[in-house]
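Chemist: What follows is a structure written as C-alpha cells; I'll ask about it next.
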Amino acid sequence: MSTLKSNILGATLAIISSIALFWFVAFYFQLDFPSTVQRSLGVATGHPEWKVFQSRVLGPYIIKALSFGLLKNYSTAYVWFQIATVAIAAFLCWRLGRKYGGDDQSALQALMLFVICFIWLLSPPLPCSWDIIDIIVFIVFIDFVLSGSSLPWFLGLFAISILNRDSAGFIALWLILDALVRFFYPRRYNLSKTPFDWHRLFAGVICIGVGLIIVELLKRNLLIEEMGPKLIPNSGTAAGSRYNVGLFRNIDFLRHVLFNYQIQFFQFWLVAPFIAAVIALGAKLVRLDPQRYLSIYLIELSVLAAIFSFALINEMRVFVILIPFVVLSGILVFGSKNLRANAV
C-alpha cells in the first residue's frame, strides 16, 4: 500500500478509535467526566484545583479558544478537543508503526497497542487535557529520536511542551543522557568512538533551567485562587505547594496494597502489569542497540521515578505518559528481525 493510502487508512482508523474511546468514557465514566472538564477549566480561568496545575496552560487555553467559536461552551469544546487529540495520538502511533516497523501490519499493531493501553489506564480521575497532550508530545519525541533529528527540533518541541506540563523536562534530560551515552558507551566496549556532543549537553542543561523558570512564572502570574483546599479539604495535598510530593503517600499506599486485599486497591493491580511491561519491554529494547536506545530507556525509568515521587500512583491517569514508550517497544521488539534491523 502506498504511503498516501496508508495515511488515509490510518487517519480513518484513528478517528474511529478516538470516537469509540470517547463514547466508552462517556458511558462508563459519565459521572467523572464533568470533574475532568472542570479541572481543565480551572487552569484556563486561574482557579486550578491545585497550584501545581496552573502552569499546564496549553490544553486548557486551546479549549478556551475553541469555546469562543461555534462550540459555544467549554464543556462542548472539551469533548471535541479530546476526540481530536486522541485521534492525533492514535494516528501518530500508526505512522510510527509504519515508519519504523516497515508495513501496515506494524502500523496497525502500534495503533492497537495505543488503544489497549489507553483503555487499560482509564479509571477515575480521568486523564486531563495535559495528560493527552503528553502522549502526543512523547510520540513526536520518539519519532525525532529514531529519525536522528537535529537539535533545533528537540528545542522546538521542548518550547511547546513546557507550556503543557513540566514533563517537558524529560526531553531536556534526554539531550544530556544521549550525549553522555553516545560518548562513554563506545569507549566502555571498545567501539568506534564519537566526539562528545557539548551542544546537546549544554542545551539540555539550559532547557531544564529555563523550563523551571517558565513554570514558576506561569504559576505566579496566572494563579488567582487555588480551589483544592476548599473543594477537597481532607485530600492530604498541601495548599500552595509548587510541587506535590507524593512519595511518602505512595509508599503508604503500596504498603496497604500489599498487605490489605481490599476492593479500593484493585485498580493498582491493573496498573502493575502495565508498569512491569514498560520496564521489561524497555530493557528488551535496549538489548537491540544499547548505544541508540539506552538513553530512551533511562528516560522511561526517570518518568517512573518522577511518578512515584511527585504523583499519586492510585490515579492511573498519571501513567499515560508512558504509552508512547510501550508503543515504541512493541514496534521494535515484536517486529521481524529485518524490520528491527531497518529501524536500527
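Just so we're on the same page: first chain in the C-alpha cells is A, next is B, and so on; residues restart at 1 for each chain, and ligands are numbered from 1 in the order they show up.
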DSSP on the backbone: which residues in range 65-142 of chain A end up as alpha helix (DSSP H)? Give the answer as a VMD selection string.

Modeler: chain A and resid 65 to 67 74 to 101 104 to 120 129 to 142

Chemist: Quick one: residues within 8 Å of Leu92 in chain A, only C-alpha atoms counted, chain neighbours fewer than 6 positions away excluded, as a ChimeraX atom specification?

Modeler: /A:136,139-140

Chemist: Limited to C-alpha atoms, could you put the picked residues into a file as a PDB file, in the first residue's frame?

Modeler:
ATOM      1  CA  ILE A 136       1.320  13.362  21.567  1.00  0.00           C
ATOM      2  CA  ILE A 139       5.254  10.155  20.362  1.00  0.00           C
ATOM      3  CA  VAL A 140       6.742  13.078  18.424  1.00  0.00           C
TER       4      VAL A 140
END

Chemist: Write out as a ChimeraX atom specification which residues come within 9 Å of range 213-229 of chain A when counting only C-alpha atoms, dropping same-chain ones fewer than 6 positions away.

Modeler: /A:42-57,162-163,165-166,235,237-240,242

Chemist: Taking only C-alpha atoms into account, which of A:Leu41, A:Ile176, A:Asn244, A:Val115 comes nearest Ala20 in chain A?

Modeler: A:Val115

Chemist: Can you tell me, as a PyMOL selection string, what residues are no more than 6 Å from range 275-289 of chain A when counting only C-alpha atoms, ignoring any on the same chain fewer than 6 positions away?

Modeler: chain A and resi 297+326+329

Chemist: Could you write out that same residue set with C-alpha atoms as a PDB file, in the first residue's frame?

Modeler:
ATOM      1  CA  TYR A 297      15.163   3.607  28.481  1.00  0.00           C
ATOM      2  CA  VAL A 326       5.186   0.907  25.161  1.00  0.00           C
ATOM      3  CA  SER A 329       8.969  -1.146  22.287  1.00  0.00           C
TER       4      SER A 329
END

Chemist: Leaving out Leu113 in chain A and any residue of its chain fewer than 3 positions from it, which residues lie within 12 Å of it when counting only C-alpha atoms, given as a CSV table (one decimal) with N, CA and C atoms, in the first residue's frame?

Modeler:
chain,number,residue,atom,x,y,z
A,17,SER,N,-11.3,5.1,16.2
A,17,SER,CA,-10.9,4.7,17.5
A,17,SER,C,-11.1,5.8,18.6
A,89,ALA,N,-3.1,11.4,18.5
A,89,ALA,CA,-2.2,10.5,19.1
A,89,ALA,C,-2.3,9.1,18.5
A,90,ALA,N,-3.5,8.6,18.2
A,90,ALA,CA,-3.7,7.3,17.5
A,90,ALA,C,-3.0,7.3,16.2
A,93,CYS,N,0.7,7.1,16.3
A,93,CYS,CA,1.2,5.8,16.6
A,93,CYS,C,1.1,4.9,15.4
A,94,TRP,N,0.1,5.1,14.6
A,94,TRP,CA,0.0,4.4,13.3
A,94,TRP,C,1.2,4.7,12.4
A,96,LEU,N,4.1,6.0,13.4
A,96,LEU,CA,5.3,5.5,14.0
A,96,LEU,C,5.5,4.0,13.6
A,97,GLY,N,4.4,3.3,13.7
A,97,GLY,CA,4.5,1.8,13.4
A,97,GLY,C,4.9,1.5,12.0
A,106,SER,N,2.6,-3.5,11.1
A,106,SER,CA,3.2,-2.9,12.2
A,106,SER,C,2.5,-1.6,12.7
A,107,ALA,N,2.0,-0.9,11.7
A,107,ALA,CA,1.2,0.3,12.0
A,107,ALA,C,-0.1,0.0,12.7
A,108,LEU,N,-0.8,-1.1,12.3
A,108,LEU,CA,-2.0,-1.5,13.0
A,108,LEU,C,-1.6,-2.0,14.4
A,109,GLN,N,-0.5,-2.7,14.5
A,109,GLN,CA,-0.1,-3.2,15.8
A,109,GLN,C,0.2,-2.0,16.8
A,110,ALA,N,0.8,-0.9,16.3
A,110,ALA,CA,1.1,0.3,17.1
A,110,ALA,C,-0.2,0.9,17.5
A,116,ILE,N,-5.3,-0.2,23.4
A,116,ILE,CA,-5.4,-1.1,24.6
A,116,ILE,C,-4.8,-0.4,25.8
A,117,CYS,N,-3.7,0.2,25.7
A,117,CYS,CA,-3.1,0.9,26.8
A,117,CYS,C,-3.9,2.0,27.4
A,118,PHE,N,-4.6,2.8,26.4
A,118,PHE,CA,-5.4,3.9,26.9
A,118,PHE,C,-6.6,3.4,27.6
A,119,ILE,N,-7.3,2.3,27.1
A,119,ILE,CA,-8.4,1.7,27.9
A,119,ILE,C,-7.9,1.1,29.2
A,120,TRP,N,-6.8,0.5,29.2
A,120,TRP,CA,-6.3,-0.2,30.4
A,120,TRP,C,-6.1,0.8,31.5
A,274,PHE,N,1.0,-3.1,33.7
A,274,PHE,CA,1.5,-2.1,32.7
A,274,PHE,C,2.9,-1.6,33.1
A,277,ALA,N,5.4,-4.2,32.2
A,277,ALA,CA,5.6,-4.2,30.7
A,277,ALA,C,6.5,-3.1,30.3
A,322,LEU,N,3.5,7.1,29.6
A,322,LEU,CA,4.4,6.0,29.2
A,322,LEU,C,3.9,5.2,28.0
A,323,ILE,N,2.6,5.5,27.6
A,323,ILE,CA,2.1,4.8,26.5
A,323,ILE,C,3.0,4.9,25.2
A,324,PRO,N,3.5,6.0,24.8
A,324,PRO,CA,4.4,6.1,23.7
A,324,PRO,C,5.6,5.1,23.7
A,325,PHE,N,6.1,5.0,24.9
A,325,PHE,CA,7.3,4.1,25.1
A,325,PHE,C,6.9,2.6,24.9
A,326,VAL,N,5.7,2.3,25.4
A,326,VAL,CA,5.2,0.9,25.2
A,326,VAL,C,5.0,0.7,23.7
A,327,VAL,N,4.4,1.6,23.0
A,327,VAL,CA,4.2,1.5,21.5
A,327,VAL,C,5.5,1.3,20.8
A,328,LEU,N,6.5,2.2,21.2
A,328,LEU,CA,7.9,2.1,20.6
A,328,LEU,C,8.4,0.7,20.8
A,329,SER,N,8.4,0.2,22.0
A,329,SER,CA,9.0,-1.1,22.3
A,329,SER,C,8.2,-2.2,21.5
A,330,GLY,N,6.9,-2.1,21.5
A,330,GLY,CA,6.1,-3.1,20.8
A,330,GLY,C,6.4,-3.2,19.3
A,331,ILE,N,6.7,-2.0,18.7
A,331,ILE,CA,7.0,-2.0,17.3
A,331,ILE,C,8.4,-2.7,17.0
A,334,PHE,N,8.8,-6.7,18.9
A,334,PHE,CA,8.0,-7.8,18.3
A,334,PHE,C,7.9,-7.8,16.8

Chemist: Taking only C-alpha atoms into account, which of A:Leu21, A:Val79, A:Val181, A:Leu270 comes nearest Pro34 in chain A?

Modeler: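 With only C-alpha atoms as the atom set, the closest residue is A:Val79.
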
Chemist: Given the choices A:Gln105, A:Gln38, A:Ser167, A:Thr12, which gets closest to Ile321 in chain A if the distance is worked out from only C-alpha atoms?

Modeler: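 Distance minimum relative to Ile321 in chain A lands on A:Ser167.
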
Chemist: Which one of A:Asn190, A:Leu294, A:Ala272, A:Ile299 sits closest to Ala168 in chain A if you count only C-alpha atoms?

Modeler: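 Of A:Asn190, A:Leu294, A:Ala272, A:Ile299, the one nearest Ala168 in chain A is A:Ile299, counting only C-alpha atoms.
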
Chemist: With only C-alpha atoms as the counted atoms, please give the residues lying no more than 10 Å from Ser75 in chain A, apart from itself and same-chain residues fewer than 4 positions off, as a compact mmCIF listing (two decimals) with C-alpha atoms, in the first residue's frame.

Modeler:
# COMPACT_ATOMS: atom_id res chain seq x y z
CA PHE A 33 -16.18 13.40 33.10
CA PRO A 34 -17.60 16.77 34.32
CA THR A 36 -12.24 16.40 34.41
CA VAL A 37 -13.66 19.27 32.35
CA GLN A 38 -13.80 21.46 35.45
CA SER A 40 -9.11 21.95 32.89
CA LEU A 41 -11.41 24.98 33.04
CA ILE A 63 -10.10 24.57 24.66
CA LYS A 64 -10.99 28.04 25.93
CA SER A 67 -15.28 27.65 23.22
CA LEU A 71 -18.67 25.25 20.12
CA VAL A 79 -15.36 16.99 24.09
CA TRP A 80 -14.16 17.93 20.60
CA PHE A 81 -10.67 18.65 21.92

Chemist: What does the distance between CA of Ile251 in chain A and CA of Ala172 in chain A come to in Å, to one decimal place?

Modeler: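 That distance, rounded to one decimal, is 28.2 Å.
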
Chemist: Could you give me, as a list in words, the residues within 12 Å of Arg317 in chain A, counting only C-alpha atoms and dropping anything in the same chain fewer than 6 positions from it?

Modeler: Thr36, Cys117, Phe118, Ile119, Trp120, Leu121, Leu122, Ser123, Pro124, Pro125, Leu126, Pro127, Cys128, Ser129, Trp130, Asp131, Ile132, Asp134, Ile135, Gln267, Phe268, Val271, Ile307, Ala311 and Ile323 of chain A

Chemist: Would you export the selected residues with C-alpha atoms as an mmCIF file, in the first residue's frame, please?

Modeler:
data_model
loop_
_atom_site.group_PDB
_atom_site.id
_atom_site.type_symbol
_atom_site.label_atom_id
_atom_site.label_comp_id
_atom_site.auth_asym_id
_atom_site.auth_seq_id
_atom_site.Cartn_x
_atom_site.Cartn_y
_atom_site.Cartn_z
ATOM 1 C CA THR A 36 -12.238 16.404 34.406
ATOM 2 C CA CYS A 117 -3.054 0.895 26.844
ATOM 3 C CA PHE A 118 -5.411 3.879 26.852
ATOM 4 C CA ILE A 119 -8.394 1.740 27.856
ATOM 5 C CA TRP A 120 -6.286 -0.181 30.372
ATOM 6 C CA LEU A 121 -5.379 3.032 32.201
ATOM 7 C CA LEU A 122 -8.878 4.534 32.197
ATOM 8 C CA SER A 123 -10.038 4.978 35.763
ATOM 9 C CA PRO A 124 -11.282 7.938 37.809
ATOM 10 C CA PRO A 125 -9.870 10.529 37.875
ATOM 11 C CA LEU A 126 -9.805 10.518 34.079
ATOM 12 C CA PRO A 127 -6.863 11.815 32.025
ATOM 13 C CA CYS A 128 -6.802 15.611 31.831
ATOM 14 C CA SER A 129 -6.130 17.672 28.715
ATOM 15 C CA TRP A 130 -2.420 17.891 29.587
ATOM 16 C CA ASP A 131 -2.187 14.111 30.034
ATOM 17 C CA ILE A 132 -3.445 13.520 26.486
ATOM 18 C CA ASP A 134 1.729 14.464 26.869
ATOM 19 C CA ILE A 135 1.061 11.343 24.788
ATOM 20 C CA GLN A 267 -7.120 -0.709 40.308
ATOM 21 C CA PHE A 268 -3.444 -0.773 41.286
ATOM 22 C CA VAL A 271 -1.714 -0.833 36.508
ATOM 23 C CA ILE A 307 5.624 9.487 39.012
ATOM 24 C CA ALA A 311 2.324 11.969 41.525
ATOM 25 C CA ILE A 323 2.074 4.805 26.461
#

Chemist: Report the distance between CA of Asn7 in chain A and CA of Ile171 in chain A in Å, rounded to one decimal place.

Modeler: 27.1 Å

Chemist: Separation of CA of Phe24 in chain A and CA of Ser6 in chain A, in Å?

Modeler: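 Between CA of Phe24 in chain A and CA of Ser6 in chain A the gap is 26.4 Å.
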
Chemist: Hey, which of A:Phe114, A:Phe144, A:Phe68, A:Phe158 ends up closest to Ile206 in chain A? Count only C-alpha atoms.

Modeler: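 The shortest atom-to-atom distance to Ile206 in chain A comes from A:Phe158.
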